[in-house]
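> What follows is model38.txt, made up of compact mmCIF, C-alpha atoms:
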```
# COMPACT_ATOMS: atom_id res chain seq x y z
CA MET F 2 27.41 -46.60 31.52
CA SER F 3 30.07 -43.93 31.99
CA ALA F 4 29.40 -40.67 33.83
CA ALA F 5 29.31 -38.80 30.52
CA ASP F 6 26.77 -41.22 29.06
CA LEU F 7 24.66 -40.99 32.21
CA GLN F 8 24.68 -37.18 32.07
CA ALA F 9 23.79 -37.27 28.37
CA THR F 10 20.89 -39.58 29.14
CA ARG F 11 19.64 -37.26 31.89
CA ASP F 12 19.94 -34.23 29.61
CA ALA F 13 18.05 -36.02 26.86
CA GLY F 14 15.33 -37.04 29.33
CA GLN F 15 14.99 -33.45 30.56
CA GLN F 16 14.75 -32.23 26.97
CA LEU F 17 11.97 -34.73 26.26
CA ARG F 18 10.04 -33.57 29.33
CA VAL F 19 10.34 -29.97 28.17
CA GLN F 20 9.14 -30.92 24.69
CA LEU F 21 6.12 -32.72 26.08
CA ALA F 22 5.27 -29.65 28.17
CA GLN F 23 5.44 -27.41 25.11
CA ARG F 24 2.35 -28.71 23.37
CA LEU F 25 1.15 -25.20 22.63
CA ASP F 26 3.20 -23.01 20.34
CA PRO F 27 3.65 -19.87 22.50
CA THR F 28 4.37 -17.45 19.64
CA LEU F 29 1.30 -18.58 17.69
CA VAL F 30 -0.91 -18.31 20.77
CA VAL F 31 0.37 -14.80 21.58
CA CYS F 32 -0.16 -13.59 17.99
CA VAL F 33 -3.71 -14.93 17.83
CA ALA F 34 -4.59 -13.65 21.31
CA ALA F 35 -3.29 -10.19 20.42
CA LEU F 36 -5.27 -10.14 17.16
CA LEU F 37 -8.44 -11.25 18.97
CA GLY F 38 -8.02 -8.63 21.68
CA LEU F 39 -7.22 -5.84 19.26
CA GLY F 40 -10.11 -6.95 17.06
CA LEU F 41 -12.57 -6.73 19.96
CA VAL F 42 -11.38 -3.21 20.80
CA MET F 43 -11.66 -2.05 17.20
CA VAL F 44 -15.06 -3.68 16.59
CA GLY F 45 -16.34 -1.90 19.69
CA SER F 46 -14.89 1.40 18.49
CA ALA F 47 -15.89 1.10 14.82
CA SER F 48 -19.48 -0.03 15.49
CA VAL F 49 -20.49 2.51 18.16
CA GLY F 50 -22.08 4.94 15.73
CA ILE F 51 -24.00 2.47 13.58
CA ALA F 52 -25.14 0.42 16.60
CA GLU F 53 -26.44 3.51 18.40
CA ARG F 54 -28.15 4.84 15.29
CA ASN F 55 -29.79 1.59 14.13
CA LEU F 56 -30.26 -0.43 17.32
CA GLY F 57 -30.18 2.06 20.18
CA ASP F 58 -27.34 0.14 21.88
CA PRO F 59 -23.82 1.43 21.12
CA PHE F 60 -22.21 -1.82 22.29
CA HIS F 61 -24.52 -4.26 20.48
CA TYR F 62 -21.89 -5.47 18.01
CA LEU F 63 -19.19 -5.58 20.68
CA TYR F 64 -21.32 -7.87 22.86
CA ARG F 65 -22.05 -10.16 19.93
CA GLN F 66 -18.41 -10.21 18.84
CA THR F 67 -17.38 -11.17 22.37
CA VAL F 68 -19.75 -14.13 22.21
CA TYR F 69 -18.30 -15.10 18.82
CA VAL F 70 -14.77 -14.98 20.23
CA ILE F 71 -15.77 -17.23 23.14
CA LEU F 72 -17.44 -19.69 20.76
CA GLY F 73 -14.36 -19.50 18.52
CA LEU F 74 -12.09 -20.40 21.43
CA LEU F 75 -14.34 -23.36 22.22
CA ALA F 76 -14.12 -24.42 18.57
CA ALA F 77 -10.32 -24.15 18.75
CA ALA F 78 -10.26 -26.28 21.90
CA ALA F 79 -12.45 -28.90 20.22
CA MET F 80 -10.21 -29.03 17.13
CA TYR F 81 -7.14 -29.29 19.36
CA ARG F 82 -8.53 -32.42 21.02
CA ILE F 83 -9.30 -34.30 17.80
CA ARG F 84 -6.52 -36.51 16.47
CA LEU F 85 -5.32 -35.73 12.98
CA ALA F 86 -5.79 -39.37 12.01
CA TYR F 87 -9.56 -38.93 12.33
CA TRP F 88 -9.56 -35.98 9.93
CA ALA F 89 -7.29 -37.85 7.52
CA ALA F 90 -9.68 -40.80 7.49
CA ALA F 91 -12.74 -38.62 6.93
CA THR F 92 -11.55 -36.40 4.07
CA ALA F 93 -14.02 -37.93 1.58
CA LEU F 94 -16.90 -37.18 3.94
CA LEU F 95 -15.59 -33.65 4.45
CA LEU F 96 -15.64 -33.11 0.70
CA VAL F 97 -19.21 -34.38 0.47
CA LEU F 98 -20.16 -32.03 3.33
CA ALA F 99 -18.59 -29.09 1.47
CA PHE F 100 -20.62 -29.81 -1.66
CA LEU F 101 -23.76 -30.36 0.42
CA LEU F 102 -23.42 -26.99 2.17
CA LEU F 103 -22.77 -25.19 -1.11
CA GLY F 104 -25.66 -26.99 -2.76
CA LEU F 105 -28.09 -25.97 -0.02
CA LEU F 106 -27.51 -22.33 -0.92
CA LEU F 107 -28.86 -22.99 -4.41
CA ILE F 108 -32.23 -24.21 -3.08
CA PRO F 109 -34.74 -21.35 -3.22
CA GLY F 110 -35.73 -20.16 0.24
CA VAL F 111 -32.91 -21.98 2.06
CA GLY F 112 -30.00 -19.58 1.62
CA VAL F 113 -30.04 -16.11 3.16
CA THR F 114 -29.49 -13.29 0.67
CA VAL F 115 -27.71 -10.09 1.73
CA ASN F 116 -26.79 -7.29 -0.70
CA GLY F 117 -27.58 -9.52 -3.68
CA SER F 118 -25.39 -12.45 -2.57
CA THR F 119 -26.74 -15.75 -1.23
CA ARG F 120 -23.86 -16.91 0.98
CA TRP F 121 -25.45 -17.70 4.34
CA LEU F 122 -27.49 -20.40 6.05
CA SER F 123 -29.66 -19.32 8.97
CA LEU F 124 -28.81 -21.11 12.23
CA GLY F 125 -31.17 -19.08 14.37
CA LEU F 126 -28.68 -17.21 16.56
CA PHE F 127 -26.58 -16.15 13.58
CA ASN F 128 -26.16 -16.76 9.87
CA LEU F 129 -23.42 -19.20 8.88
CA GLN F 130 -21.34 -18.09 5.89
CA VAL F 131 -20.81 -21.36 4.06
CA SER F 132 -17.65 -20.30 2.22
CA GLU F 133 -15.78 -19.94 5.53
CA VAL F 134 -16.54 -23.54 6.51
CA VAL F 135 -15.73 -24.76 2.99
CA LYS F 136 -12.22 -23.25 3.20
CA LEU F 137 -11.43 -25.43 6.20
CA LEU F 138 -13.07 -28.54 4.73
CA ILE F 139 -11.22 -28.20 1.42
CA THR F 140 -7.91 -27.59 3.20
CA LEU F 141 -8.35 -30.87 5.08
CA TYR F 142 -9.44 -32.67 1.90
CA MET F 143 -6.37 -31.46 -0.01
CA ALA F 144 -4.07 -32.49 2.84
CA GLY F 145 -5.58 -35.97 2.81
CA TYR F 146 -5.42 -36.27 -0.97
CA LEU F 147 -1.75 -35.30 -1.10
CA CYS F 148 -0.95 -37.86 1.60
CA ARG F 149 -2.69 -40.67 -0.23
CA HIS F 150 -1.67 -39.77 -3.79
CA ALA F 151 1.67 -38.03 -3.37
CA ARG F 152 3.41 -40.17 -5.96
CA ALA F 153 0.60 -39.74 -8.51
CA VAL F 154 0.70 -35.95 -8.08
CA ARG F 155 4.45 -35.91 -8.74
CA GLU F 156 4.54 -38.38 -11.61
CA ARG F 157 1.17 -38.38 -13.43
CA PHE F 158 -0.90 -35.57 -14.82
CA SER F 159 -4.09 -37.36 -13.75
CA GLY F 160 -2.97 -37.24 -10.13
CA PHE F 161 -2.57 -33.50 -10.47
CA LEU F 162 -5.78 -32.99 -12.44
CA ARG F 163 -8.24 -34.79 -10.13
CA PRO F 164 -8.03 -32.37 -7.18
CA MET F 165 -8.12 -29.42 -9.58
CA VAL F 166 -11.41 -30.68 -11.02
CA VAL F 167 -12.79 -30.85 -7.48
CA LEU F 168 -11.52 -27.35 -6.70
CA SER F 169 -12.97 -26.02 -9.94
CA LEU F 170 -16.41 -27.44 -9.12
CA VAL F 171 -16.28 -25.88 -5.66
CA ALA F 172 -15.17 -22.57 -7.18
CA VAL F 173 -18.09 -22.67 -9.64
CA LEU F 174 -20.55 -23.16 -6.76
CA LEU F 175 -18.94 -20.24 -4.91
CA LEU F 176 -19.21 -18.03 -7.98
CA MET F 177 -22.89 -18.87 -8.27
CA GLN F 178 -23.55 -17.23 -4.87
CA PRO F 179 -21.62 -15.09 -6.00
CA ASP F 180 -18.45 -15.08 -3.85
CA PHE F 181 -15.48 -14.23 -6.06
CA GLY F 182 -13.11 -13.55 -3.15
CA ALA F 183 -13.67 -16.94 -1.50
CA ALA F 184 -13.15 -18.67 -4.86
CA VAL F 185 -9.79 -16.91 -5.29
CA VAL F 186 -8.63 -17.88 -1.79
CA LEU F 187 -9.77 -21.47 -2.29
CA MET F 188 -7.90 -21.83 -5.58
CA ALA F 189 -4.79 -20.28 -4.01
CA ILE F 190 -4.88 -22.84 -1.18
CA GLY F 191 -5.23 -25.72 -3.64
CA LEU F 192 -2.53 -24.53 -6.03
CA THR F 193 -0.08 -23.86 -3.18
CA LEU F 194 -0.58 -27.30 -1.66
CA LEU F 195 -0.19 -28.99 -5.04
CA PHE F 196 3.03 -27.07 -5.62
CA LEU F 197 4.33 -28.11 -2.19
CA GLY F 198 3.19 -31.66 -2.94
CA GLY F 199 5.65 -31.86 -5.81
CA ALA F 200 3.54 -31.08 -8.88
CA ARG F 201 5.66 -30.56 -11.97
CA LEU F 202 6.38 -26.95 -12.80
CA TRP F 203 4.95 -27.09 -16.32
CA GLN F 204 1.70 -28.57 -15.01
CA PHE F 205 1.53 -26.02 -12.26
CA GLY F 206 2.31 -23.16 -14.64
CA LEU F 207 -0.24 -24.33 -17.20
CA LEU F 208 -3.00 -24.64 -14.64
CA LEU F 209 -2.07 -21.40 -12.91
CA GLY F 210 -2.31 -19.61 -16.24
CA THR F 211 -5.66 -21.25 -16.98
CA VAL F 212 -7.08 -20.32 -13.58
CA ALA F 213 -5.77 -16.76 -13.84
CA GLY F 214 -7.27 -16.42 -17.33
CA ALA F 215 -10.63 -17.75 -16.14
CA LEU F 216 -10.71 -15.36 -13.20
CA VAL F 217 -9.86 -12.42 -15.44
CA ALA F 218 -12.56 -13.46 -17.92
CA LEU F 219 -15.13 -13.69 -15.11
CA ALA F 220 -14.16 -10.27 -13.84
CA VAL F 221 -14.29 -8.64 -17.27
CA THR F 222 -17.52 -10.25 -18.51
CA THR F 223 -19.55 -9.63 -15.32
CA PRO F 224 -20.83 -6.03 -15.11
CA TYR F 225 -20.68 -5.57 -11.35
CA ARG F 226 -17.17 -7.06 -11.14
CA MET F 227 -16.04 -4.83 -13.98
CA ALA F 228 -17.49 -1.86 -12.12
CA ARG F 229 -15.48 -2.83 -9.05
CA LEU F 230 -12.30 -3.04 -11.12
CA THR F 231 -12.98 0.34 -12.70
CA ALA F 232 -13.63 1.92 -9.31
CA PHE F 233 -10.49 0.29 -7.91
CA VAL F 234 -8.27 1.70 -10.67
CA ASP F 235 -9.47 5.28 -10.10
CA PRO F 236 -12.11 5.61 -7.35
CA TRP F 237 -11.97 9.41 -7.49
CA THR F 238 -13.70 9.49 -10.88
CA ASP F 239 -16.98 8.60 -9.12
CA PRO F 240 -16.36 9.27 -5.40
CA PHE F 241 -20.06 9.41 -4.49
CA ASN F 242 -21.15 6.16 -6.17
CA SER F 243 -18.96 3.24 -7.28
CA GLY F 244 -15.83 4.66 -5.67
CA PHE F 245 -17.50 5.85 -2.46
CA GLN F 246 -16.42 3.05 -0.12
CA LEU F 247 -12.81 3.02 -1.31
CA THR F 248 -12.40 6.80 -1.21
CA GLN F 249 -13.76 6.91 2.35
CA SER F 250 -11.37 4.11 3.32
CA LEU F 251 -8.42 5.99 1.83
CA ILE F 252 -9.46 9.18 3.63
CA ALA F 253 -9.59 7.25 6.91
CA ILE F 254 -6.16 5.69 6.39
CA GLY F 255 -4.63 8.98 5.29
CA SER F 256 -6.08 10.77 8.33
CA GLY F 257 -4.31 8.41 10.70
CA SER F 258 -0.80 9.71 10.00
CA TRP F 259 1.92 8.24 12.26
CA LEU F 260 0.12 7.64 15.57
CA GLY F 261 -3.54 8.07 14.62
CA ALA F 262 -6.31 10.33 15.83
CA GLY F 263 -6.70 8.30 19.02
CA LEU F 264 -8.82 5.30 19.97
CA GLY F 265 -12.49 6.09 19.38
CA ALA F 266 -11.73 9.35 17.55
CA SER F 267 -12.41 8.15 13.99
CA VAL F 268 -14.66 10.42 11.97
CA GLN F 269 -15.15 8.15 8.94
CA LYS F 270 -16.78 5.40 11.01
CA LEU F 271 -19.64 7.65 12.09
CA PHE F 272 -21.46 8.48 8.87
CA TYR F 273 -19.19 7.89 5.88
CA LEU F 274 -17.45 4.51 5.70
CA PRO F 275 -19.81 1.55 5.00
CA GLU F 276 -19.01 -1.76 6.73
CA ALA F 277 -16.66 0.06 9.11
CA HIS F 278 -16.80 -2.75 11.71
CA ASN F 279 -16.64 -5.54 9.13
CA ASP F 280 -14.70 -5.58 5.85
CA PHE F 281 -13.22 -2.10 6.41
CA LEU F 282 -12.23 -2.43 10.06
CA PHE F 283 -8.59 -2.05 9.04
CA ALA F 284 -9.28 1.47 7.72
CA VAL F 285 -10.78 2.55 11.05
CA LEU F 286 -7.81 1.03 12.87
CA ALA F 287 -5.46 2.99 10.63
CA GLU F 288 -7.35 6.23 11.31
CA GLU F 289 -7.39 5.76 15.08
CA LEU F 290 -4.00 4.09 15.66
CA GLY F 291 -2.05 5.36 12.65
CA LEU F 292 0.94 3.77 11.00
CA ALA F 293 2.01 2.36 14.35
CA GLY F 294 -1.23 0.36 14.59
CA ILE F 295 -0.91 -0.81 11.01
CA ALA F 296 2.65 -2.02 11.70
CA VAL F 297 1.50 -3.95 14.77
CA VAL F 298 -1.27 -5.73 12.84
CA ILE F 299 1.06 -6.62 9.97
CA LEU F 300 3.68 -7.94 12.40
CA LEU F 301 1.08 -10.07 14.20
CA PHE F 302 -0.15 -11.62 10.96
CA GLY F 303 3.46 -12.06 9.86
CA GLY F 304 4.15 -13.90 13.13
CA PHE F 305 1.11 -16.10 12.54
CA LEU F 306 2.27 -16.95 9.01
CA TRP F 307 5.82 -17.65 10.19
CA ARG F 308 4.68 -20.00 12.95
CA SER F 309 2.19 -21.75 10.65
CA PHE F 310 4.92 -22.56 8.15
CA ALA F 311 7.38 -23.45 10.93
CA ILE F 312 4.85 -25.89 12.41
CA ALA F 313 4.23 -27.33 8.94
CA ARG F 314 7.94 -27.73 8.26
CA ALA F 315 8.52 -29.41 11.63
CA ALA F 316 5.63 -31.80 11.00
CA GLU F 317 7.02 -32.61 7.55
CA THR F 318 10.45 -33.35 9.03
CA ALA F 319 8.87 -35.58 11.68
CA GLY F 320 6.98 -37.57 9.04
CA GLN F 321 3.57 -36.09 9.91
CA THR F 322 2.62 -35.48 6.27
CA PHE F 323 -1.10 -34.85 6.73
CA GLY F 324 -0.47 -32.36 9.51
CA ALA F 325 2.20 -30.62 7.46
CA TYR F 326 -0.09 -30.05 4.47
CA ALA F 327 -2.95 -28.98 6.74
CA ALA F 328 -0.70 -26.43 8.48
CA TYR F 329 0.62 -25.12 5.15
CA GLY F 330 -2.97 -24.76 3.93
CA VAL F 331 -4.12 -22.86 7.03
CA GLY F 332 -1.11 -20.55 6.82
CA VAL F 333 -1.76 -19.74 3.16
CA TRP F 334 -5.48 -19.27 3.79
CA ILE F 335 -5.25 -16.90 6.79
CA GLY F 336 -2.19 -15.08 5.47
CA LEU F 337 -3.66 -14.51 2.00
CA GLN F 338 -7.06 -13.43 3.33
CA ALA F 339 -5.44 -10.93 5.70
CA PHE F 340 -3.28 -9.58 2.89
CA VAL F 341 -6.24 -9.21 0.52
CA ASN F 342 -8.36 -7.45 3.14
CA MET F 343 -5.63 -4.95 4.01
CA ALA F 344 -4.80 -4.42 0.32
CA VAL F 345 -8.48 -3.72 -0.45
CA ASN F 346 -8.66 -1.20 2.38
CA MET F 347 -5.58 0.58 1.00
CA GLY F 348 -6.81 0.55 -2.60
CA LEU F 349 -4.22 -1.95 -3.83
CA LEU F 350 -6.83 -4.54 -4.85
CA PRO F 351 -10.50 -4.34 -5.88
CA THR F 352 -13.14 -5.03 -3.26
CA LYS F 353 -13.49 -8.77 -2.54
CA GLY F 354 -15.79 -8.97 0.49
CA LEU F 355 -13.20 -10.85 2.56
CA THR F 356 -12.99 -10.22 6.29
CA LEU F 357 -9.83 -9.57 8.28
CA PRO F 358 -9.30 -12.86 10.17
CA PHE F 359 -9.64 -12.75 13.98
CA MET F 360 -10.57 -9.05 13.86
CA SER F 361 -13.54 -8.21 11.61
CA TYR F 362 -17.05 -8.52 12.99
CA GLY F 363 -18.78 -11.78 12.12
CA GLY F 364 -19.50 -15.16 13.65
CA SER F 365 -18.66 -17.44 10.72
CA SER F 366 -15.19 -16.04 10.11
CA MET F 367 -14.37 -16.01 13.83
CA LEU F 368 -15.53 -19.57 14.48
CA VAL F 369 -13.75 -21.10 11.49
CA SER F 370 -10.55 -19.05 11.89
CA CYS F 371 -10.27 -20.07 15.54
CA ALA F 372 -10.98 -23.69 14.61
CA ALA F 373 -8.11 -23.46 12.11
CA VAL F 374 -5.84 -22.27 14.93
CA GLY F 375 -6.90 -25.29 16.99
CA LEU F 376 -5.94 -27.49 14.03
CA LEU F 377 -2.51 -25.82 13.84
CA LEU F 378 -1.92 -26.37 17.54
CA ARG F 379 -2.94 -30.02 17.15
CA VAL F 380 -0.38 -30.43 14.36
CA HIS F 381 2.25 -28.89 16.65
CA ARG F 382 1.27 -31.18 19.52
CA GLU F 383 1.41 -34.38 17.49
CA THR F 384 4.75 -33.33 16.00
CA VAL F 385 6.22 -32.81 19.48
CA GLU F 386 4.79 -36.11 20.66
CA SER F 387 6.19 -37.89 17.61
CA ARG F 388 9.65 -36.50 18.31
CA ALA F 389 9.35 -37.42 21.98
CA LEU F 390 8.38 -40.99 21.08
CA ARG F 391 11.41 -41.33 18.82
CA GLY F 392 13.59 -39.82 21.52
CA SER F 393 12.35 -42.28 24.13
CA ARG F 394 13.18 -45.16 21.79
CA VAL F 395 16.70 -43.79 21.41
CA LEU F 396 17.03 -43.59 25.21
CA ARG F 397 15.86 -47.18 25.63
CA GLY F 398 18.38 -48.25 23.02
CA ARG F 399 21.20 -46.48 24.87
CA ARG F 400 20.23 -48.01 28.17
CA ALA F 401 20.02 -51.48 26.63
CA SER F 402 23.54 -51.07 25.25
```
Would it be possible to restate this file's structure as structure tokens?

Amino acid sequence: MSAADLQATRDAGQQLRVQLAQRLDPTLVVCVAALLGLGLVMVGSASVGIAERNLGDPFHYLYRQTVYVILGLLAAAAMYRIRLAYWAAATALLLVLAFLLLGLLLIPGVGVTVNGSTRWLSLGLFNLQVSEVVKLLITLYMAGYLCRHARAVRERFSGFLRPMVVLSLVAVLLLMQPDFGAAVVLMAIGLTLLFLGGARLWQFGLLLGTVAGALVALAVTTPYRMARLTAFVDPWTDPFNSGFQLTQSLIAIGSGSWLGAGLGASVQKLFYLPEAHNDFLFAVLAEELGLAGIAVVILLFGGFLWRSFAIARAAETAGQTFGAYAAYGVGVWIGLQAFVNMAVNMGLLPTKGLTLPFMSYGGSSMLVSCAAVGLLLRVHRETVESRALRGSRVLRGRRAS
């Protein structure tokens, strides 16, 4: 070999070593860590009043949220260690598990009912919100289906219809809880993955129109959903009843101005804003940290979405189809849920009961969201390893020549 070829070989070997060392996507890790840290601070701040008033311990929810974050990180580590091939081989079982969990909620006395909705299973230490787990299970199922039936999805209507029937059945079970927000997110994940899988535009458009029409019909024909829509359009017509939560959220956001009232200085969280540490955490953040805090949160979620799609695209290029679809699904899921939560807090969408991922108080959302991050990092790792393996084969070929 010439000196130039030898130097090229050394450079390529060094590049492979660097790639193998970069098994964690640094930007994704930083974004998630920042969201988790900021979420802990805001949960502690937003829950002080209600925890002191109801439980006598101002840091009760902060302590519990810290435990949830630790458990979430353990879940992420576990997902990171599991090979994607195992998930791909078990997608049928994952679908059965999703239906089993949703079916358990329909058994009288099994599901836990809160505020008229039966969405939780009691696990002793905390209540598991089934819809959060189902989002992850269905994302993995759709990734596996598109890998196995990619040609059928692109060329035959039946290949496109089968997963939509499954998604529709899951959505019906979610609506029976009722959980309209989770059903919307689930359908969005499925439709996006089918579109990326090559579904024909007319099929996609027809089904999208059908799903949109069905969701509108459900919203209009159900009294409490119609009341939410009416309150969302003009909450000030009934600010002390149906529009109370939204008006208090808007007051909190408007009070924040550019830099906010200061950490811990929110007034709305004390007596006025319901679910201040949960679904409406974003409003408290806006009041205390202002537009600057809002911009930081949006940038962090934007960074998460960018890296999710970048990881998916890299996996697709490397031939890791299952990982690519799984990463696309996680990106759509977390990104859409964050957008909906922030839009609800700002009065741009009707109330959906969706948490702000990585930030809102709650064990189910934290555990499953962190597990989804572990899945993303696993996709990134296997993509890097796949590229490294191909690179090593190229090096062996050069040396042999």
> Go through F:Val49, F:Ala266, F:Leu306, F:Ala78 one by one, measure the shortest atom-to-atom distance of each to His61 of chain F using only C-alpha atoms, and give the residue with the smallest value.
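Closest candidate: F:Val49.
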> Could you give me, as number ranges by chain, the residues within 9 Å of Ser123 of chain F, counting all atoms listed in the file and dropping anything in the same chain fewer than 4 positions from it?
F: 111-113, 127-130
> Closest to Gly191 of chain F among F:Ala52, F:Val333, F:Ala89, F:Ala315, using only C-alpha atoms?
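The closest residue to Gly191 of chain F is F:Val333.
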> Enumerate, as a ChimeraX atom specification, the protein, DNA and RNA residues whose atoms approach (-16.2, -14.7, -4.5) to within 12 Å, taking into account all atoms listed in the file and the coordinate frame of the file.
/F:118-120,131-133,171-188,216,219-220,226,351-355
> Could you pull the residues within 10 Å of Phe60 of chain F, counting only C-alpha atoms, minus those fewer than 3 positions along the same chain, as a list in words?
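These residues fall inside the cut-off: Val44, Gly45, Ser46, Ser48, Val49, Gly50, Ile51, Ala52, Glu53, Leu56, Gly57, Leu63, Tyr64, Arg65 and Gln66 of chain F.
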> Smallest atom-to-atom distance to Ala296 of chain F: which of F:Ala311, F:Trp259, F:Leu96, F:His278, using all atoms listed in the file?
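The shortest atom-to-atom distance to Ala296 of chain F comes from F:Trp259.
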> For the atom pair atom CA of Thr140 of chain F and atom CA of Gly110 of chain F, what is the interatomic distance in Å to one decimal place?
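If I compute the distance from atom CA of Thr140 of chain F to atom CA of Gly110 of chain F, I get 28.9 Å.
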> What is the atom CA of Leu74 of chain F-atom CA of Val285 of chain F distance in Å, reported with one decimal?
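Spanning atom CA of Leu74 of chain F to atom CA of Val285 of chain F is a straight-line distance of 25.2 Å.
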> Which value, in Å to one decimal, gives the distance between atom CA of Glu289 of chain F and atom CA of Val268 of chain F?
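Taking atom CA of Glu289 of chain F and atom CA of Val268 of chain F, their separation equals 9.2 Å.
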> Can I get segment 29-42 of chain F with N, CA and C atoms filled in, as a JSON list (two decimals), in the frame of the given file?

```
[["chain", "number", "residue", "atom", "x", "y", "z"],
["F", 29, "LEU", "N", 2.58, -18.53, 18.40],
["F", 29, "LEU", "CA", 1.30, -18.58, 17.69],
["F", 29, "LEU", "C", 0.16, -18.15, 18.60],
["F", 30, "VAL", "N", 0.15, -18.65, 19.83],
["F", 30, "VAL", "CA", -0.91, -18.31, 20.77],
["F", 30, "VAL", "C", -0.91, -16.82, 21.08],
["F", 31, "VAL", "N", 0.27, -16.24, 21.28],
["F", 31, "VAL", "CA", 0.37, -14.80, 21.58],
["F", 31, "VAL", "C", -0.13, -13.97, 20.40],
["F", 32, "CYS", "N", 0.27, -14.34, 19.18],
["F", 32, "CYS", "CA", -0.16, -13.59, 17.99],
["F", 32, "CYS", "C", -1.68, -13.62, 17.84],
["F", 33, "VAL", "N", -2.27, -14.81, 17.99],
["F", 33, "VAL", "CA", -3.71, -14.93, 17.83],
["F", 33, "VAL", "C", -4.44, -14.20, 18.95],
["F", 34, "ALA", "N", -3.95, -14.33, 20.19],
["F", 34, "ALA", "CA", -4.59, -13.65, 21.31],
["F", 34, "ALA", "C", -4.54, -12.13, 21.13],
["F", 35, "ALA", "N", -3.41, -11.63, 20.64],
["F", 35, "ALA", "CA", -3.29, -10.19, 20.42],
["F", 35, "ALA", "C", -4.23, -9.72, 19.31],
["F", 36, "LEU", "N", -4.35, -10.49, 18.24],
["F", 36, "LEU", "CA", -5.27, -10.14, 17.16],
["F", 36, "LEU", "C", -6.72, -10.16, 17.64],
["F", 37, "LEU", "N", -7.08, -11.17, 18.44],
["F", 37, "LEU", "CA", -8.44, -11.25, 18.97],
["F", 37, "LEU", "C", -8.75, -10.07, 19.88],
["F", 38, "GLY", "N", -7.81, -9.75, 20.77],
["F", 38, "GLY", "CA", -8.02, -8.63, 21.68],
["F", 38, "GLY", "C", -8.12, -7.31, 20.96],
["F", 39, "LEU", "N", -7.19, -7.08, 20.03],
["F", 39, "LEU", "CA", -7.22, -5.84, 19.26],
["F", 39, "LEU", "C", -8.48, -5.77, 18.40],
["F", 40, "GLY", "N", -8.90, -6.91, 17.86],
["F", 40, "GLY", "CA", -10.11, -6.95, 17.06],
["F", 40, "GLY", "C", -11.34, -6.58, 17.87],
["F", 41, "LEU", "N", -11.43, -7.08, 19.11],
["F", 41, "LEU", "CA", -12.57, -6.73, 19.96],
["F", 41, "LEU", "C", -12.61, -5.23, 20.23],
["F", 42, "VAL", "N", -11.44, -4.65, 20.53],
["F", 42, "VAL", "CA", -11.38, -3.21, 20.80],
["F", 42, "VAL", "C", -11.83, -2.42, 19.58]]
```
